[in-house]
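> Sending over a structure as structure tokens; questions will come in a sec.
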Amino acid sequence: MRKNIAIDGPAGAGKSTIAKIVAKRLGHIYVDTGAMYRAMALFMLKQGVDVNDTEAVKKSAKDANIEIRYEDGIQCVILNGENVNDSIRTEEVSAAASKTSVVKEVRERLVALQQELALKTDVVMDGRDIGTKVLPDAYLKIYMTASADVRAKRRYDENIAKGMECDLEKIKQEIIERDHRDMTREESPLVKAWDAVEIDTSGMTIEEVADRITKML
């Protein structure tokens, strides 16, 4: 039986950071599902697909093959045999991903690819529908959350550290709006799985959260 770990929760709760640490400690593969959705968006852009045309996106989704591999200890996102790590972090791809990721056929295609990865090796996978949709039989499910104020401050500090100008209140409002979209969308909304352990990271350090998760195994 695979000891797959599913980590869900709203934006800014610390899912990806914690998932990477836990995966490294356990020797699991960390699967960045967000990067996979970005790779799908990049595929659409490369194919000249209008990301606002839902029917065109539906038809093209089946032709994208996306994998997660580790090369020299670095996670690589492979799109149809090509490493696209650098290409998927642009604003253009990010904007396209926000449109293509809500298409049912795109989500179905990527869920299937994510499930294939979890069958091959032990994974730590984070997202918004991992425990409910992608890995419903995961060995351990975590629902990670934090207050909107804390999540906004974290994002604000990250941006400032990168030399970016930003407004804390605007970031908070964007997070609240993102939560609403994620929780009310028709396809695979963000919900806590019935058997998930909820962890509020508001007053916890990264190491404290990672320690708590690894002690559950």
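Residue names in the structure tokens use chain letters A, B, ... in the order shown, residue numbers from 1 in each chain, and ligand numbers from 1 in the order shown.
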May I have the residues within 12 Å of Leu135 (chain A) as a ChimeraX atom specification, using only C-alpha atoms and disregarding those fewer than 6 positions away in the same chain?

/A:2-8,111-119,122-129,141-142,193,196

> Sort by chain and increasing residue number a table of all residues of region 103-133 of chain A within 9 Å of region 54-63 of chain A, each with its closest pair of atoms and their distance in Å to one decimal, counting only C-alpha atoms, and write it as CSV.


residue,atom,partner,partner_atom,distance
A:Val103,CA,A:Thr54,CA,6.9
A:Lys104,CA,A:Lys58,CA,7.9
A:Glu105,CA,A:Lys58,CA,5.5
A:Val106,CA,A:Ala61,CA,5.6
A:Arg109,CA,A:Lys62,CA,6.5
A:Leu110,CA,A:Ala61,CA,8.9

> Would you list the contacts of Ile21 (chain A) as a VMD selection string, taking every protein, DNA or RNA residue within 9 Å and counting only C-alpha atoms, but skipping same-chain residues closer than 6 positions in sequence?

chain A and resid 30 206 to 207 210

> Let's have the selection written as a PDB file, in the first residue's frame, with N, CA and C atoms.


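Listing of out_39.pdb after writing:
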ATOM      1  N   TYR A  30       7.495  14.974  -4.133  1.00  0.00           N
ATOM      2  CA  TYR A  30       6.561  16.082  -3.980  1.00  0.00           C
ATOM      3  C   TYR A  30       5.963  16.383  -5.348  1.00  0.00           C
ATOM      4  N   ILE A 206       7.056  26.792  10.371  1.00  0.00           N
ATOM      5  CA  ILE A 206       7.108  25.776   9.319  1.00  0.00           C
ATOM      6  C   ILE A 206       7.558  24.441   9.889  1.00  0.00           C
ATOM      7  N   GLU A 207       8.586  24.464  10.719  1.00  0.00           N
ATOM      8  CA  GLU A 207       9.111  23.217  11.291  1.00  0.00           C
ATOM      9  C   GLU A 207       8.087  22.553  12.209  1.00  0.00           C
ATOM     10  N   ALA A 210       5.560  20.771   9.976  1.00  0.00           N
ATOM     11  CA  ALA A 210       6.174  19.575   9.373  1.00  0.00           C
ATOM     12  C   ALA A 210       6.343  18.468  10.415  1.00  0.00           C
TER      13      ALA A 210
END

> If you count only C-alpha atoms, which residues fall within 10 Å of Val191 (chain A), apart from same-chain ones fewer than 5 positions away, as a PyMOL selection string?

chain A and resi 8-10+128-132+143+182-184

> For the residues in that selection, give me N, CA and C atoms as an mmCIF file, in the first residue's frame.


data_model
loop_
_atom_site.group_PDB
_atom_site.id
_atom_site.type_symbol
_atom_site.label_atom_id
_atom_site.label_comp_id
_atom_site.auth_asym_id
_atom_site.auth_seq_id
_atom_site.Cartn_x
_atom_site.Cartn_y
_atom_site.Cartn_z
ATOM 1 N N ASP A 8 -4.516 19.580 1.484
ATOM 2 C CA ASP A 8 -5.415 20.551 0.871
ATOM 3 C C ASP A 8 -5.528 21.785 1.746
ATOM 4 N N GLY A 9 -6.101 22.834 1.179
ATOM 5 C CA GLY A 9 -6.319 24.044 1.952
ATOM 6 C C GLY A 9 -6.330 25.261 1.064
ATOM 7 N N PRO A 10 -6.722 26.394 1.622
ATOM 8 C CA PRO A 10 -6.810 27.633 0.842
ATOM 9 C C PRO A 10 -5.446 28.210 0.484
ATOM 10 N N ARG A 128 -6.157 21.677 -3.838
ATOM 11 C CA ARG A 128 -7.449 22.037 -3.243
ATOM 12 C C ARG A 128 -8.469 20.919 -3.316
ATOM 13 N N ASP A 129 -8.157 19.875 -4.078
ATOM 14 C CA ASP A 129 -9.092 18.748 -4.167
ATOM 15 C C ASP A 129 -8.352 17.406 -4.118
ATOM 16 N N ILE A 130 -7.192 17.396 -3.474
ATOM 17 C CA ILE A 130 -6.373 16.183 -3.469
ATOM 18 C C ILE A 130 -7.032 15.068 -2.643
ATOM 19 N N GLY A 131 -7.415 15.399 -1.408
ATOM 20 C CA GLY A 131 -8.009 14.381 -0.543
ATOM 21 C C GLY A 131 -9.416 13.986 -0.921
ATOM 22 N N THR A 132 -10.109 14.861 -1.630
ATOM 23 C CA THR A 132 -11.490 14.577 -1.994
ATOM 24 C C THR A 132 -11.642 13.992 -3.392
ATOM 25 N N TYR A 143 -5.804 18.908 6.087
ATOM 26 C CA TYR A 143 -6.454 20.136 5.615
ATOM 27 C C TYR A 143 -5.776 21.276 6.349
ATOM 28 N N ASP A 182 -12.675 29.323 -4.949
ATOM 29 C CA ASP A 182 -12.262 27.929 -4.783
ATOM 30 C C ASP A 182 -13.340 27.089 -4.096
ATOM 31 N N MET A 183 -14.017 27.683 -3.136
ATOM 32 C CA MET A 183 -14.997 26.934 -2.349
ATOM 33 C C MET A 183 -16.366 26.828 -3.022
ATOM 34 N N THR A 184 -16.619 27.683 -4.004
ATOM 35 C CA THR A 184 -17.936 27.682 -4.639
ATOM 36 C C THR A 184 -17.915 27.237 -6.098
#

> Compile the contact shell of Val102 (chain A) as a VMD selection string: residues with an atom at most 9 Å away, counting only C-alpha atoms, same-chain residues fewer than 5 positions apart removed.

chain A and resid 97 107 185 to 187

> Excluding same-chain residues fewer than 5 positions from region 78-95 of chain A, what lies within 9 Å of it counting only C-alpha atoms, as a PyMOL selection string?

chain A and resi 35-36+38-43+45+63-69

> Considering only C-alpha atoms, can you say which of A:Gly73, A:Gly34, A:Gly12, A:Gly27 comes closest to Ile175 (chain A)?

A:Gly12

> Can you work out which one of A:Asp195, A:Asp32, A:Asp50, A:Glu177 has the shortest atom-to-atom distance to Val77 (chain A), counting only C-alpha atoms?

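The closest residue to Val77 (chain A) is A:Asp32.
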